[in-house]
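As stored in target-v3.txt (compact mmCIF, C-alpha atoms (C1' of nucleotides)):
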# COMPACT_ATOMS: atom_id res chain seq x y z
CA MET A 1 -46.19 29.14 124.88
CA ALA A 2 -46.07 26.47 122.22
CA GLN A 3 -47.04 23.53 124.37
CA ASN A 4 -47.51 20.31 122.49
CA LYS A 5 -51.12 19.76 121.49
CA LYS A 6 -50.60 16.54 119.59
CA GLU A 7 -52.38 14.38 122.13
CA GLU A 8 -55.55 16.35 121.57
CA PHE A 9 -56.04 14.86 118.11
CA ASN A 10 -57.26 11.43 117.15
CA GLN A 11 -55.08 8.49 116.24
CA LYS A 12 -55.73 8.52 112.51
CA GLU A 13 -54.82 12.16 112.26
CA ILE A 14 -51.64 11.47 114.19
CA ASN A 15 -50.78 8.42 112.07
CA ILE A 16 -51.08 10.41 108.86
CA SER A 17 -49.13 13.36 110.21
CA ASP A 18 -46.39 11.14 111.62
CA PHE A 19 -45.86 9.41 108.29
CA ALA A 20 -45.94 12.75 106.51
CA LYS A 21 -43.44 14.23 108.92
CA ALA A 22 -41.03 11.42 108.13
CA ILE A 23 -41.04 12.34 104.43
CA SER A 24 -41.31 16.09 105.01
CA HIS A 25 -37.63 16.67 104.33
CA PRO A 26 -36.11 16.30 100.86
CA ALA A 27 -33.08 14.51 102.30
CA ARG A 28 -35.29 11.77 103.69
CA VAL A 29 -37.18 11.45 100.42
CA ALA A 30 -33.84 11.14 98.65
CA ILE A 31 -32.65 8.54 101.15
CA LEU A 32 -35.79 6.48 100.67
CA LYS A 33 -35.40 6.66 96.91
CA GLU A 34 -31.80 5.54 97.13
CA ILE A 35 -32.68 2.59 99.35
CA ALA A 36 -35.57 1.61 97.10
CA LYS A 37 -33.44 1.87 93.98
CA ARG A 38 -30.68 -0.28 95.37
CA ASN A 39 -33.02 -2.68 97.09
CA GLY A 40 -31.47 -2.06 100.48
CA CYS A 41 -28.24 -0.30 101.01
CA ILE A 42 -25.67 0.65 103.58
CA CYS A 43 -25.28 4.05 105.15
CA GLY A 44 -22.03 4.82 103.36
CA GLU A 45 -23.60 4.55 99.93
CA ILE A 46 -26.20 7.12 100.92
CA VAL A 47 -23.61 9.47 102.39
CA GLU A 48 -21.72 9.41 99.09
CA VAL A 49 -24.79 10.43 97.11
CA LEU A 50 -26.23 13.10 99.41
CA PRO A 51 -24.80 16.57 100.10
CA LEU A 52 -24.81 15.93 103.84
CA ALA A 53 -22.38 14.83 106.52
CA GLN A 54 -22.36 11.21 107.68
CA SER A 55 -23.73 12.11 111.09
CA THR A 56 -26.62 13.99 109.54
CA VAL A 57 -27.51 11.09 107.27
CA SER A 58 -27.38 8.77 110.24
CA GLN A 59 -29.83 11.01 112.09
CA HIS A 60 -32.24 11.03 109.14
CA LEU A 61 -32.01 7.25 108.98
CA LYS A 62 -32.91 7.12 112.65
CA GLU A 63 -36.02 9.21 111.99
CA LEU A 64 -37.07 6.94 109.16
CA LEU A 65 -36.54 3.91 111.39
CA LYS A 66 -38.58 5.48 114.18
CA ALA A 67 -41.47 6.11 111.81
CA GLU A 68 -41.00 2.55 110.48
CA LEU A 69 -40.58 3.63 106.88
CA ILE A 70 -37.42 1.56 106.74
CA LYS A 71 -36.07 -1.54 108.45
CA GLY A 72 -32.45 -1.95 109.46
CA GLU A 73 -30.12 -4.83 109.96
CA ILE A 74 -26.83 -4.12 111.63
CA ASP A 75 -24.33 -6.56 110.23
CA GLY A 76 -20.88 -6.04 111.61
CA THR A 77 -19.73 -2.53 110.86
CA LYS A 78 -22.15 -2.24 107.95
CA SER A 79 -25.84 -1.59 108.50
CA CYS A 80 -28.23 -2.66 105.79
CA TYR A 81 -31.38 -0.61 105.44
CA CYS A 82 -34.38 -1.36 103.32
CA ILE A 83 -37.88 -0.03 102.73
CA ASN A 84 -40.66 -1.20 105.01
CA TRP A 85 -43.32 -1.39 102.32
CA LYS A 86 -45.98 -2.42 104.78
CA THR A 87 -45.95 1.06 106.32
CA PHE A 88 -46.25 2.64 102.89
CA GLU A 89 -49.25 0.47 102.07
CA LYS A 90 -50.88 1.32 105.36
CA PHE A 91 -50.35 5.04 104.74
CA GLU A 92 -51.72 4.84 101.22
CA LYS A 93 -54.80 3.08 102.50
CA THR A 94 -55.40 5.50 105.36
CA PHE A 95 -54.68 8.50 103.17
CA ILE A 96 -57.14 7.44 100.50
CA GLU A 97 -59.75 6.49 103.05
CA PHE A 98 -59.33 9.76 104.86
CA PHE A 99 -59.53 12.10 101.90
CA ASN A 100 -60.85 10.46 98.78
CA LYS A 101 -63.95 9.14 100.46
CA THR A 102 -65.41 12.60 100.84
CA LYS A 103 -64.19 13.74 97.47
CA SER A 104 -66.71 12.12 95.15
CA GLN A 105 -69.66 13.44 97.09
CA ASN A 106 -68.56 17.03 97.18
CA GLN A 107 -67.23 18.89 94.20
CA ASN A 108 -69.35 22.01 94.07
CA CYS A 109 -67.45 24.42 96.29
CA CYS A 110 -65.18 27.42 95.60
CA MET B 1 -24.58 25.46 111.77
CA ALA B 2 -27.87 24.26 110.40
CA GLN B 3 -27.79 26.08 107.08
CA ASN B 4 -30.61 25.26 104.74
CA LYS B 5 -29.69 22.53 102.29
CA LYS B 6 -33.04 22.27 100.56
CA GLU B 7 -31.84 23.74 97.30
CA GLU B 8 -29.37 20.89 96.93
CA PHE B 9 -32.12 18.37 96.24
CA ASN B 10 -34.10 17.84 93.06
CA GLN B 11 -37.54 19.23 92.36
CA LYS B 12 -39.47 15.98 92.75
CA GLU B 13 -37.96 15.36 96.14
CA ILE B 14 -38.85 18.89 97.16
CA ASN B 15 -42.40 18.60 95.80
CA ILE B 16 -43.04 15.46 97.81
CA SER B 17 -41.50 16.84 100.98
CA ASP B 18 -43.39 20.14 100.66
CA PHE B 19 -46.72 18.38 100.35
CA ALA B 20 -45.81 16.08 103.22
CA LYS B 21 -44.78 19.00 105.39
CA ALA B 22 -48.19 20.56 104.88
CA ILE B 23 -49.90 17.48 106.32
CA SER B 24 -47.19 16.76 108.89
CA HIS B 25 -49.20 18.22 111.76
CA PRO B 26 -52.35 16.58 113.14
CA ALA B 27 -54.12 19.95 113.33
CA ARG B 28 -53.73 20.45 109.61
CA VAL B 29 -54.93 16.92 108.87
CA ALA B 30 -57.95 17.61 111.06
CA ILE B 31 -58.58 20.92 109.31
CA LEU B 32 -58.43 19.26 105.90
CA LYS B 33 -60.82 16.59 107.04
CA GLU B 34 -63.25 19.15 108.36
CA ILE B 35 -63.17 21.12 105.12
CA ALA B 36 -63.61 17.97 103.06
CA LYS B 37 -66.48 16.78 105.22
CA ARG B 38 -68.38 20.03 104.99
CA ASN B 39 -67.52 20.62 101.36
CA GLY B 40 -65.88 23.93 102.10
CA CYS B 41 -66.20 25.77 105.33
CA ILE B 42 -65.43 28.96 107.09
CA CYS B 43 -62.67 29.48 109.61
CA GLY B 44 -65.03 29.80 112.57
CA GLU B 45 -66.42 26.33 112.10
CA ILE B 46 -62.92 24.90 112.24
CA VAL B 47 -61.99 26.91 115.31
CA GLU B 48 -65.04 25.50 117.13
CA VAL B 49 -64.02 21.93 116.41
CA LEU B 50 -60.27 22.15 117.08
CA PRO B 51 -58.55 22.58 120.46
CA LEU B 52 -56.65 25.61 119.19
CA ALA B 53 -56.94 29.38 119.30
CA GLN B 54 -58.38 31.25 116.33
CA SER B 55 -55.04 32.81 115.45
CA THR B 56 -53.35 29.42 115.42
CA VAL B 57 -56.00 27.94 113.15
CA SER B 58 -55.62 30.90 110.83
CA GLN B 59 -51.88 30.25 110.65
CA HIS B 60 -52.41 26.59 109.80
CA LEU B 61 -54.87 27.62 107.09
CA LYS B 62 -52.24 29.93 105.69
CA GLU B 63 -49.77 27.04 105.50
CA LEU B 64 -52.29 24.88 103.71
CA LEU B 65 -53.00 27.70 101.27
CA LYS B 66 -49.30 28.22 100.63
CA ALA B 67 -48.86 24.55 99.82
CA GLU B 68 -52.02 24.76 97.68
CA LEU B 69 -53.80 21.97 99.50
CA ILE B 70 -56.78 24.27 99.90
CA LYS B 71 -58.28 27.19 98.02
CA GLY B 72 -59.79 30.20 99.74
CA GLU B 73 -62.41 32.71 98.82
CA ILE B 74 -62.72 35.71 101.06
CA ASP B 75 -66.35 36.76 100.97
CA GLY B 76 -67.02 39.70 103.19
CA THR B 77 -66.03 38.88 106.72
CA LYS B 78 -66.35 35.14 106.10
CA SER B 79 -63.66 33.25 104.23
CA CYS B 80 -64.68 30.04 102.53
CA TYR B 81 -62.02 27.39 102.24
CA CYS B 82 -62.20 24.19 100.26
CA ILE B 83 -59.91 21.36 99.23
CA ASN B 84 -57.76 21.78 96.15
CA TRP B 85 -58.11 18.22 94.93
CA LYS B 86 -55.81 18.82 92.00
CA THR B 87 -52.84 19.08 94.36
CA PHE B 88 -53.83 15.85 96.07
CA GLU B 89 -54.05 14.05 92.75
CA LYS B 90 -50.68 15.37 91.72
CA PHE B 91 -49.13 14.21 94.99
CA GLU B 92 -50.69 10.78 94.73
CA LYS B 93 -49.32 10.40 91.23
CA THR B 94 -45.83 11.58 92.14
CA PHE B 95 -45.78 9.54 95.31
CA ILE B 96 -46.75 6.34 93.53
CA GLU B 97 -44.37 6.98 90.68
CA PHE B 98 -41.57 7.74 93.07
CA PHE B 99 -41.90 4.74 95.34
CA ASN B 100 -44.09 2.04 93.92
CA LYS B 101 -42.18 1.81 90.68
CA THR B 102 -39.17 0.33 92.36
CA LYS B 103 -41.21 -1.84 94.66
CA SER B 104 -42.25 -4.65 92.37
CA GLN B 105 -38.72 -5.29 91.20
CA ASN B 106 -37.18 -5.52 94.62
CA GLN B 107 -38.65 -7.51 97.43
CA ASN B 108 -35.80 -9.69 98.55
CA CYS B 109 -33.99 -7.54 101.08
CA CYS B 110 -33.83 -7.50 104.89
C1' DT C 1 -1.88 -5.79 119.23
C1' DA C 2 -2.38 -1.70 116.54
C1' DC C 3 -4.83 0.48 112.88
C1' DA C 4 -8.38 1.37 109.51
C1' DT C 5 -13.33 1.35 108.43
C1' DT C 6 -18.11 1.98 109.25
C1' DT C 7 -21.85 3.69 111.75
C1' DA C 8 -24.10 5.72 115.92
C1' DT C 9 -24.31 9.11 119.35
C1' DC C 10 -23.19 13.40 121.88
C1' DG C 11 -22.82 18.24 122.27
C1' DT C 12 -23.76 22.41 120.31
C1' DA C 13 -25.25 26.19 117.18
C1' DT C 14 -28.76 27.82 114.35
C1' DA C 15 -33.23 27.70 111.98
C1' DT C 16 -37.92 26.65 111.81
C1' DT C 17 -42.35 25.51 113.73
C1' DT C 18 -45.97 25.94 116.94
C1' DG C 19 -48.99 28.48 119.78
C1' DC C 20 -51.12 32.35 121.92
C1' DG C 21 -52.78 37.05 123.06
C1' DA C 22 -53.24 41.47 121.27
C1' DT C 23 -54.32 44.08 117.58
C1' DA C 24 -55.61 45.39 112.84
C1' DT C 25 -58.79 44.99 109.07
C1' DA C 26 -63.04 44.53 106.72
C1' DC C 27 -67.60 44.37 106.55
C1' DA C 28 -72.60 44.10 108.51
C1' DA C 29 -76.06 45.66 111.37
C1' DT C 30 -78.10 48.99 114.35
C1' DA D 1 -71.32 56.90 113.44
C1' DT D 2 -70.97 53.10 116.54
C1' DT D 3 -70.94 48.44 117.61
C1' DG D 4 -70.42 43.66 116.69
C1' DT D 5 -68.53 39.77 114.11
C1' DA D 6 -65.14 37.17 111.49
C1' DT D 7 -60.60 36.66 110.04
C1' DA D 8 -55.68 37.90 109.36
C1' DT D 9 -51.43 39.51 111.04
C1' DC D 10 -47.87 40.86 114.48
C1' DG D 11 -44.80 40.01 118.18
C1' DC D 12 -43.11 37.03 121.18
C1' DA D 13 -41.92 32.61 123.86
C1' DA D 14 -41.18 27.82 123.83
C1' DA D 15 -40.41 23.59 121.47
C1' DT D 16 -38.50 20.96 117.64
C1' DA D 17 -35.78 20.16 113.74
C1' DT D 18 -31.52 20.48 111.15
C1' DA D 19 -26.67 20.18 110.60
C1' DC D 20 -22.02 19.44 111.79
C1' DG D 21 -17.67 18.05 114.10
C1' DA D 22 -15.86 15.22 117.57
C1' DT D 23 -15.95 11.04 119.55
C1' DA D 24 -17.42 6.38 120.84
C1' DA D 25 -18.33 1.65 119.63
C1' DA D 26 -17.86 -2.39 116.97
C1' DT D 27 -15.65 -5.04 113.80
C1' DG D 28 -12.28 -6.37 110.31
C1' DT D 29 -7.36 -6.42 108.85
C1' DA D 30 -2.23 -5.99 108.85
Represent the supplied structure as structure tokens.
Amino acid sequence: MAQNKKEEFNQKEINISDFAKAISHPARVAILKEIAKRNGCICGEIVEVLPLAQSTVSQHLKELLKAELIKGEIDGTKSCYCINWKTFEKFEKTFIEFFNKTKSQNQNCC
Amino acid sequence: MAQNKKEEFNQKEINISDFAKAISHPARVAILKEIAKRNGCICGEIVEVLPLAQSTVSQHLKELLKAELIKGEIDGTKSCYCINWKTFEKFEKTFIEFFNKTKSQNQNCC
DNA sequence: TACATTTATCGTATATTTGCGATATACAAT
DNA sequence: ATTGTATATCGCAAATATACGATAAATGTA
């Protein structure tokens, strides 16, 4: 019956999976790259580069905002988006802590 | 009409999003953790720990195998799974290359 | 004021993911 | 041979994600 079981897992697992979900679509990876490259950019510039409709890009931006991978500043009709590096750093730290810690100890499996 | 647009993006974007998709569910993060902790483990041990049915766990394991985050060795009735660290290293490298490169140059946005 | 521009949101169609029970498969033990 | 154990797969239902066009909202410009 596909009920949502997310709340059964611990916060670190959810944090990692939430971040991962945000970059689990190539369009969102491409959007992030574009914003990073341009050091902040407006929605229209992204729409021009991607093979997606404006409304779709806007939705992806909303997802990235929700997961706090980007920050946005609405300035008149133009919205400026830029990378929220703090979230990336936090993910990197958690990711490494979560996986690499156990790695050095255990290498003798299948 | 929700047609699949994945093939319109480049390979690096797809590689990152594929890896991310594999860890975009807390159950799969938890499974990876369990395998890492035990240095390889059998399906039954994971089923005991997670709040999910055996068939669901098996499906998640299949996803992780497909994305090559784990390796599996079927040994009689017991299957031994362990982390495929090579994939993690590759992701880390690509991830850092993809995002951190641009970071140092650009910090003066919104 | 009327019109163009930019972005967000709504409604909707389709695709994919998630989850489970039931069942199949493969082997071990009796 | 039969039974038990461990895991994978199938079939289905429900939930979520993806994508687009149409439209709204907000601002700038003629």
Distance table requested - chain C against chain A, cut-off 6 Å, all atoms listed in the file: one row per qualifying residue with the closest atom pair and its distance in Å to one decimal, ordered by chain and rising residue number, as a tab-separated table.
residue	atom	partner	partner_atom	distance
C:DT6	C1'	A:Thr77	CA	5.1
C:DT18	C1'	A:Ala2	CA	5.3
C:DG19	C1'	A:Ala2	CA	4.3
Need to verify the contact set: C:DT16, 9 Å, only C-alpha atoms (C1' of nucleotides), exclusion of same-chain residues closer than 2 positions in sequence. Can you return it as a VMD selection string?
chain D and resid 16 to 18
Would you output that residue set with C-alpha atoms (C1' of nucleotides), as a PDB file, in the frame of the given file?
ATOM      1  C1'  DT D  16     -38.500  20.960 117.640  1.00  0.00           C
ATOM      2  C1'  DA D  17     -35.780  20.160 113.740  1.00  0.00           C
ATOM      3  C1'  DT D  18     -31.520  20.480 111.150  1.00  0.00           C
TER       4       DT D  18
END
Quick one: contact table of chain A to chain B, 6 Å max, nearest atom pair and distance in Å to one decimal per residue, counting only C-alpha atoms, chain and number order, as a Markdown table?
| residue | atom | partner | partner_atom | distance |
| --- | --- | --- | --- | --- |
| A:Glu13 | CA | B:Pro26 | CA | 5.1 |
| A:Ile14 | CA | B:Pro26 | CA | 5.3 |
| A:Ser17 | CA | B:Ser24 | CA | 4.1 |
| A:Ala20 | CA | B:Ala20 | CA | 4.7 |
| A:Lys21 | CA | B:Ser24 | CA | 4.5 |
| A:Ile23 | CA | B:Ser17 | CA | 5.7 |
| A:Ser24 | CA | B:Ser17 | CA | 4.1 |
| A:His25 | CA | B:Ser17 | CA | 5.1 |
| A:Pro26 | CA | B:Glu13 | CA | 5.2 |
| A:Val29 | CA | B:Glu13 | CA | 5.8 |
| A:Asn39 | CA | B:Asn106 | CA | 5.6 |
| A:Asn106 | CA | B:Asn39 | CA | 5.6 |
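With atom CA of B:Lys66 on one side and atom CA of B:Glu45 on the other, the separation reads 20.7 Å.
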Pick out the residues sitting within 12 Å of D:DA22, and hand them over as a CSV table (one decimal) with C-alpha atoms (C1' of nucleotides), in the coordinates of the input; count only C-alpha atoms (C1' of nucleotides), and ignore anything fewer than 4 positions along from it in its own chain.
chain,number,residue,atom,x,y,z
A,55,SER,CA,-23.7,12.1,111.1
C,9,DT,C1',-24.3,9.1,119.4
C,10,DC,C1',-23.2,13.4,121.9
C,11,DG,C1',-22.8,18.2,122.3
C,12,DT,C1',-23.8,22.4,120.3
Would you give me, as a list of chain:residue names, the residues of chain D that come within 12 Å of chain B, using all atoms listed in the file?
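Those within range of chain B come out as D:DG4, D:DT5, D:DA6, D:DT7, D:DA8, D:DT9, D:DC10, D:DA17, D:DT18, D:DA19, D:DC20, D:DG21.
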One number please: atom CA of A:Thr87 to atom CA of A:Glu68, in Å, one decimal.
6.6 Å
Interatomic distance between atom CA of B:Lys90 and atom CA of A:Glu34?
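Atom CA of A:Glu34 lies 22.0 Å from atom CA of B:Lys90.
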